[in-house]
Each structure stands twice: as structure tokens, then as C-alpha cells.
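Visitor: The structure that follows is given in the form of C-alpha cells.
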Amino acid sequence: MDLVLVDDHPAVRAGLRGLLEDEHDLRVAATAATAREGYEAIVDLRPALAVLDHHLPDDDGLSLCLRTRTLPAPPRAVIYSAYADAGLAVQAAIAGADAVVAKSTPPQRLVSALRAVGGGRGRAELDARALRAVGERLDPDDLPILGMLAHGVAQDEIARTLDLDVEWLTARRWSMLARLRQSGPCPREIRSSRRSRPSSIPSSTATSSSSAWFAPSISQSRVP
């Protein structure tokens, strides 16, 4: 199984490559230090698995992951972070990642996790409290999307179920990640709110400038 490693620290890239070089079923096809380089490697090599650092110099691993979801054969994805927690796992689900793995994970457990994700067995159940906390920070109209993504429902099925255009749904996922970046820490309490269907994606959730080369044109995504 070929994989691409994206991490801005040379020591991390070298360490992961060294860890995996003796694994007969895992082959590092390429490494990259930036999100742009990582995306180009994934497009060119079509790996089965991508291991993505959360914090990258030109963007973040969540944005890179979501960008790869539009490829004809997107890789399974692991967000690899020193700050892995239940909240990040929910955001990773929005981005389309299969798992979040902490950089403190022991080597053999990391290898096992990569092997499981690559084989389609690595998706873990999300923490209910973290899911509610993230939902509190989103627009009410995003909650059905969040719930289906949290249960591993494919994007095409979500679009059919909610009667949404697929391109609009992709743009909405971008706006969900942008809103979570802007809204700060999760609140403790979950406020109740009534759902309403917006006529357009709020400008306050537009993608940040650092992600501009990644994000689709939201203004050109057709709202159903």
C-alpha cells in the first residue's frame, strides 16, 4: 500500500519513513513539507493513504484533506497531530479524514493504525460530547451534514438525502471548517437553536486567505 507523508518537520518525515521501511505492506511513495507539495504528490502518485500533519506552513492538514476529497480516487487520510483530541477528530470527519492519530502514539500502534485505515477499518466512533460542542459552533443548517459525516456517510449520499448539489455541499464543508477556525474554543454549554435553511453560504464563513489556493469558489457553487 503506497502512502504519502506530509509534515513540515524533516525529523518527523525521516522518522516515519524509517519506521515504515521494514513494513512489507506499507511503502512511502513520497514525502512533502507543505500542503501544496503534498497535494501535488497525491495527485501525481494516487496513493492509497495520506498521512497529513495538522499544522503546515502554507495551510493545515484538514484543508488539504478536504481538497483531496474531490479527486477521482481520493486516498484514505490520517490527520497526524501533536494536539490530537476528540474535538479535532470531529473536525477531521468534516474534512473527510478517516482517523486522527497523536504524534505521541507508540510506533507499533501507529503502524497498526495506518494499516487499519488503509484497509478501510480505521474509522473510530466520535465522542458524543465533542460532537455536540462542535455542533454548537456551527450554523444550525450544518447540523444534518455534521451528523451524517460523523457516521461516515458518503458525500454523494448526503447530497441525495438532503437534496443538495454536490458542489454546494463541498463548499459548505469548507465554510464549516472556516467557521470552526474563527470561533475559538468549544463552549461548555450547548445552546438550543432552531434550524433554518439559508439561501446562501454566509460570508462570515468564507475560507481564510491562507486556504485560497485550495478552496473552491463558493460564490460559483449552486445553492439548491
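Chains: A, B, ... in order of the C-alpha cells. Residues: from 1 per chain. Ligands: from 1, in order shown.
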Taking the DSSP secondary structure from the backbone, can you list the residues of chain A that are alpha helix (DSSP H), as a ChimeraX atom specification?

Guide: /A:10-20,35-45,61-68,86-95,107-118,128-136,143-150,155-162,166-182

Visitor: Would you please work out which residue, of A:Ala93, A:Val78, A:Ala171, A:Leu45, is nearest to Gly147 of chain A when using only C-alpha atoms?

Guide: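 So, comparing all the options, the nearest one is A:Ala93.
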
Visitor: To one decimal place in Å, what is the distance between atom CA of Pro57 of chain A and atom CA of Leu131 of chain A?

Guide: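 These atoms are spaced 27.7 Å apart.
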
Visitor: Under the rule that only C-alpha atoms are counted, which of A:Leu180, A:Ala89, A:Leu62, A:Leu149 is the nearest residue to Arg129 of chain A?

Guide: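 Once distances to Arg129 of chain A are computed over only C-alpha atoms, the minimum belongs to A:Ala89.
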
Visitor: Do a neighbour search on Ala48 of chain A at 6 Å with only C-alpha atoms, toss out local chain neighbours closer than 2 positions, and write the hits as a PyMOL selection string.

Guide: chain A and resi 2-3+75

Visitor: Taking C-alpha atoms for each residue, export the selection above as a compact mmCIF listing (two decimals), in the first residue's frame.

Guide:
# COMPACT_ATOMS: atom_id res chain seq x y z
CA ASP A 2 1.54 3.29 -1.12
CA LEU A 3 1.27 6.34 1.11
CA PRO A 75 -6.72 8.44 -0.61

Visitor: Using only C-alpha atoms, can you tell me which of A:His24, A:Val90, A:Ala82, A:Thr31 comes closest to Arg115 of chain A?

Guide: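 Closest to Arg115 of chain A, using only C-alpha atoms: A:His24.
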
Visitor: Nearest to His9 of chain A among A:His54, A:Arg123, A:Arg181, A:Arg109, with distances taken over only C-alpha atoms: which residue is it?

Guide: A:His54

Visitor: Restricting the calculation to only C-alpha atoms: of A:Val117, A:Ile94, A:Leu169, A:Leu162, which residue gets closest to Ala150 of chain A?

Guide: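 Of A:Val117, A:Ile94, A:Leu169, A:Leu162, the one nearest Ala150 of chain A, counting only C-alpha atoms, is A:Ile94.
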
Visitor: Of the candidates A:Val51, A:Ile42, A:Ser175, A:Ala30, which one gets nearest to Val111 of chain A if we count only C-alpha atoms?

Guide: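 Among the listed residues, the smallest separation from Val111 of chain A belongs to A:Val51.
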
Visitor: So how many Å separate atom CA of Thr34 of chain A and atom CA of Gly120 of chain A, to one decimal?

Guide: 25.9 Å

Visitor: Pick out the residues sitting within 12 Å of Ala86 of chain A, and hand them over as number ranges by chain; count only C-alpha atoms, and ignore anything fewer than 6 positions along from it in its own chain.

Guide: A: 92-93, 99-102, 124-134, 186

Visitor: Go ahead and write the residues just picked, N, CA, C and O atoms, as a tab-separated table (two decimals), in the first residue's frame.

Guide:
chain	number	residue	atom	x	y	z
A	92	ALA	N	-11.89	16.61	11.74
A	92	ALA	CA	-11.32	15.74	10.72
A	92	ALA	C	-12.41	15.01	9.95
A	92	ALA	O	-12.30	14.78	8.74
A	93	ALA	N	-13.49	14.63	10.63
A	93	ALA	CA	-14.61	13.98	9.94
A	93	ALA	C	-15.25	14.93	8.94
A	93	ALA	O	-15.64	14.51	7.84
A	99	ALA	N	-9.23	9.10	10.27
A	99	ALA	CA	-8.77	8.95	11.65
A	99	ALA	C	-7.86	10.11	12.01
A	99	ALA	O	-7.29	10.78	11.15
A	100	VAL	N	-7.74	10.33	13.32
A	100	VAL	CA	-6.76	11.26	13.88
A	100	VAL	C	-5.83	10.45	14.76
A	100	VAL	O	-6.30	9.68	15.61
A	101	VAL	N	-4.53	10.62	14.56
A	101	VAL	CA	-3.54	9.88	15.35
A	101	VAL	C	-2.60	10.87	15.99
A	101	VAL	O	-2.07	11.78	15.32
A	102	ALA	N	-2.37	10.73	17.29
A	102	ALA	CA	-1.46	11.62	18.02
A	102	ALA	C	-0.01	11.29	17.68
A	102	ALA	O	0.36	10.12	17.49
A	124	ALA	N	-13.06	5.47	13.75
A	124	ALA	CA	-13.49	5.29	15.13
A	124	ALA	C	-14.76	6.11	15.38
A	124	ALA	O	-15.01	7.12	14.71
A	125	GLU	N	-15.55	5.68	16.35
A	125	GLU	CA	-16.74	6.42	16.72
A	125	GLU	C	-16.34	7.72	17.39
A	125	GLU	O	-15.45	7.75	18.25
A	126	LEU	N	-16.99	8.81	17.02
A	126	LEU	CA	-16.65	10.12	17.57
A	126	LEU	C	-17.25	10.29	18.97
A	126	LEU	O	-18.30	9.73	19.28
A	127	ASP	N	-16.57	11.06	19.78
A	127	ASP	CA	-17.03	11.34	21.13
A	127	ASP	C	-18.29	12.21	21.08
A	127	ASP	O	-18.31	13.26	20.43
A	128	ALA	N	-19.34	11.79	21.76
A	128	ALA	CA	-20.62	12.49	21.69
A	128	ALA	C	-20.53	13.91	22.23
A	128	ALA	O	-21.12	14.85	21.68
A	129	ARG	N	-19.79	14.09	23.31
A	129	ARG	CA	-19.67	15.43	23.89
A	129	ARG	C	-18.93	16.38	22.95
A	129	ARG	O	-19.33	17.54	22.77
A	130	ALA	N	-17.85	15.88	22.32
A	130	ALA	CA	-17.12	16.70	21.36
A	130	ALA	C	-17.98	17.02	20.14
A	130	ALA	O	-17.92	18.13	19.60
A	131	LEU	N	-18.78	16.06	19.72
A	131	LEU	CA	-19.66	16.28	18.57
A	131	LEU	C	-20.67	17.38	18.88
A	131	LEU	O	-20.93	18.27	18.05
A	132	ARG	N	-21.25	17.35	20.07
A	132	ARG	CA	-22.20	18.40	20.45
A	132	ARG	C	-21.52	19.76	20.54
A	132	ARG	O	-22.08	20.78	20.13
A	133	ALA	N	-20.30	19.79	21.10
A	133	ALA	CA	-19.58	21.05	21.25
A	133	ALA	C	-19.25	21.66	19.89
A	133	ALA	O	-19.38	22.88	19.70
A	134	VAL	N	-18.82	20.84	18.94
A	134	VAL	CA	-18.54	21.34	17.60
A	134	VAL	C	-19.83	21.81	16.93
A	134	VAL	O	-19.88	22.86	16.29
A	186	CYS	N	-14.21	25.47	22.05
A	186	CYS	CA	-15.57	24.96	22.19
A	186	CYS	C	-16.22	25.51	23.46
A	186	CYS	O	-15.59	25.50	24.52

Visitor: Take atom CA of Arg179 of chain A and atom CA of Ala41 of chain A and report the distance between them in Å, one decimal.

Guide: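 Computing it gives 28.2 Å between the two atoms.
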
Visitor: Which residues, written as an MDAnalysis selection string, have at least one atom at most 9 Å from Ala32 of chain A, with only C-alpha atoms counted and residues fewer than 5 positions away on the same chain left out?

Guide: chainID A and resid 4:8 13 37:39 41
